[in-house]
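Everything on this sheet refers to the single structure shown next.
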Amino acid sequence: MSIKRTLSIIVLAASFLLAPLLTVQATGYNSGITYGPYLQRVTKKAATIIIVTDESAELTLHYKRVGKKWKTVTGDAGTMHNFRISNLKRGQTYEYYFSKDDARYTRTNTFRTQKKIRKNDSLRLVAVGDSGLLNEEALQVALQIKAWRPDIITHTGDIAYYSGTQANYEERFFPVYGSIIAESPFYGSIGNHDYTTDEAGPYKDIFETPTNSGTKDYYSFKSPFHIWRVF
Ligand SMILES: [Fe+2]
């Protein structure tokens with residue numbers, strides 16, 4: 001057996017071993033989590049972290065720059081918990097987790113604020129599209145993205161097949177991408193499938209896109225490259 005063939009078998013075997021792990025991890029760290037946590041609009045000095053719970057709860061977000069002291073912020077009671085944290089430092093790694101009733105509720109995840117790109121610096125940007133179905137191929141793509149640990153994930157649309165319903169997102173998007181977007185900021189855009197349900201109502205409820213256009217249909221942001229998302 002050639003080395004190349006042996007290697008490809010090892011990679012394939014590893015993928016099959018990891019695939020269920022990825023799904024299990026992303027399904028929720030604790031009972032009662034509908035989906036999340038996930039990162040949105042991570043800039044040089046701010047980030048949004050969202051988590052959704054099955055029942056109304058009061059959650060506390062704990063976050064800190066690596067090597068510094070923990071800070072906490074407690075949100076209002078509800079099911080969708082949206083925390084916008086600011087006064088962060090550029091290009092730094094932060095850790096975060098949630099607690100509920102003084103008990104740890106999620107595992108610790110990390111993310112990095114936007115760094116200043118200097119000459120010869122690299123930025124790892126993923127553009128993925130039509131990720132819609134919870135199948136083996138979708139898992140393989142997601143595993144590759146997870147291994148890259150991208151600075152930014154952009155999605156070209158058709159995020160949750162077949163029709164972008166809330167259930168489609170919960171059953172076919174978050175189980176695959178949940179653990180990835182807990183650590184890499186995700187920038188979606190609306191595909192025709194996503195638009196089918198309530199003109200992308202579920203998409204707009206789930207994702208906190210940049211607000212510079214005054215609508216959630218399209219936007220642009222600097223990453224520091226200028227990126228446009230157009231429906
Ligand atoms: Fe499509």
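Each chain in the structure tokens gets a letter, A, B and so on, in the order shown; residues start at 1 in every chain, and ligands are counted from 1 in the order they appear.
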Practice item. Using only C-alpha atoms, determine which residues lie at most 9 Å from A:Asp76, disregarding the query and same-chain residues fewer than 2 positions distant; provide the list as a ChimeraX atom specification. Key: /A:57-59,74,78,81
Exercise for review: Per DSSP on the backbone, filter stretch 8-203 of chain A down to the residues in helix (DSSP H, G or I) and report them as a PyMOL selection string.
Suggested key: chain A and resi 8-27+136-148+166-181+192-195+201-203
Point to revise | Near-ligand residues for ligand 1, threshold 12 Å, only C-alpha atoms and all ligand atoms, as a PyMOL selection string | key: chain A and resi 128-133+155-164+189-195
Point to revise | All residues 9 Å or closer to A:Thr72, only C-alpha atoms, same chain fewer than 4 positions away omitted, as a ChimeraX atom specification | key: /A:60-64
Point to revise | Near-A:Lys89 list (7 Å; only C-alpha atoms; drop same-chain fewer than 3 positions) as a ChimeraX atom specification | key: /A:44-45,92
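Proximity ranking of A:Ile181, A:Ala103, A:Ile153, A:Val126 relative to A:Tyr38 places A:Ile181 first, based on only C-alpha atoms.
Within the 9 Å cut-off around A:Arg149, using only C-alpha atoms and omitting residues fewer than 6 positions from it on the same chain, the listed residues are Arg124, Ile180, Glu183 and Ser184 of chain A.
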Quick one: write out the picked residues with N, CA and C atoms as a compact mmCIF listing (two decimals), in the first residue's frame?
```txt
# COMPACT_ATOMS: atom_id res chain seq x y z
N ARG A 124 -6.99 34.32 7.74
CA ARG A 124 -7.61 33.08 7.27
C ARG A 124 -9.11 33.29 7.13
N ILE A 180 -17.98 25.50 15.45
CA ILE A 180 -17.03 26.31 14.68
C ILE A 180 -17.30 27.80 14.90
N GLU A 183 -16.23 29.91 17.88
CA GLU A 183 -14.86 30.41 18.00
C GLU A 183 -14.40 31.24 16.80
N SER A 184 -15.16 31.23 15.72
CA SER A 184 -14.83 32.06 14.55
C SER A 184 -16.06 32.87 14.18
```
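Distance-wise, atom CA of A:Thr108 and atom CA of A:Pro185 end up 15.9 Å apart.
Contact shell of A:Leu125 at 12 Å (only C-alpha atoms; same-chain neighbours under 2 positions omitted): Ser122, Leu123, Ala127, Val128, Ile145, Lys146, Trp148, Arg149, Pro150, Asp151, Ile152, Ile153, Thr154, His155, Ser184, Pro185, Phe186, Tyr187, Ser223, Pro224, Phe225 and Ile227 of chain A.
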Check your understanding: From the set A:Gly214, A:Gly188, A:Gly91, A:Pro175, which residue has the shortest atom-to-atom contact distance to A:Thr34, counting only C-alpha atoms?
Key ->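 That would be A:Pro175, the residue with the smallest distance to A:Thr34.
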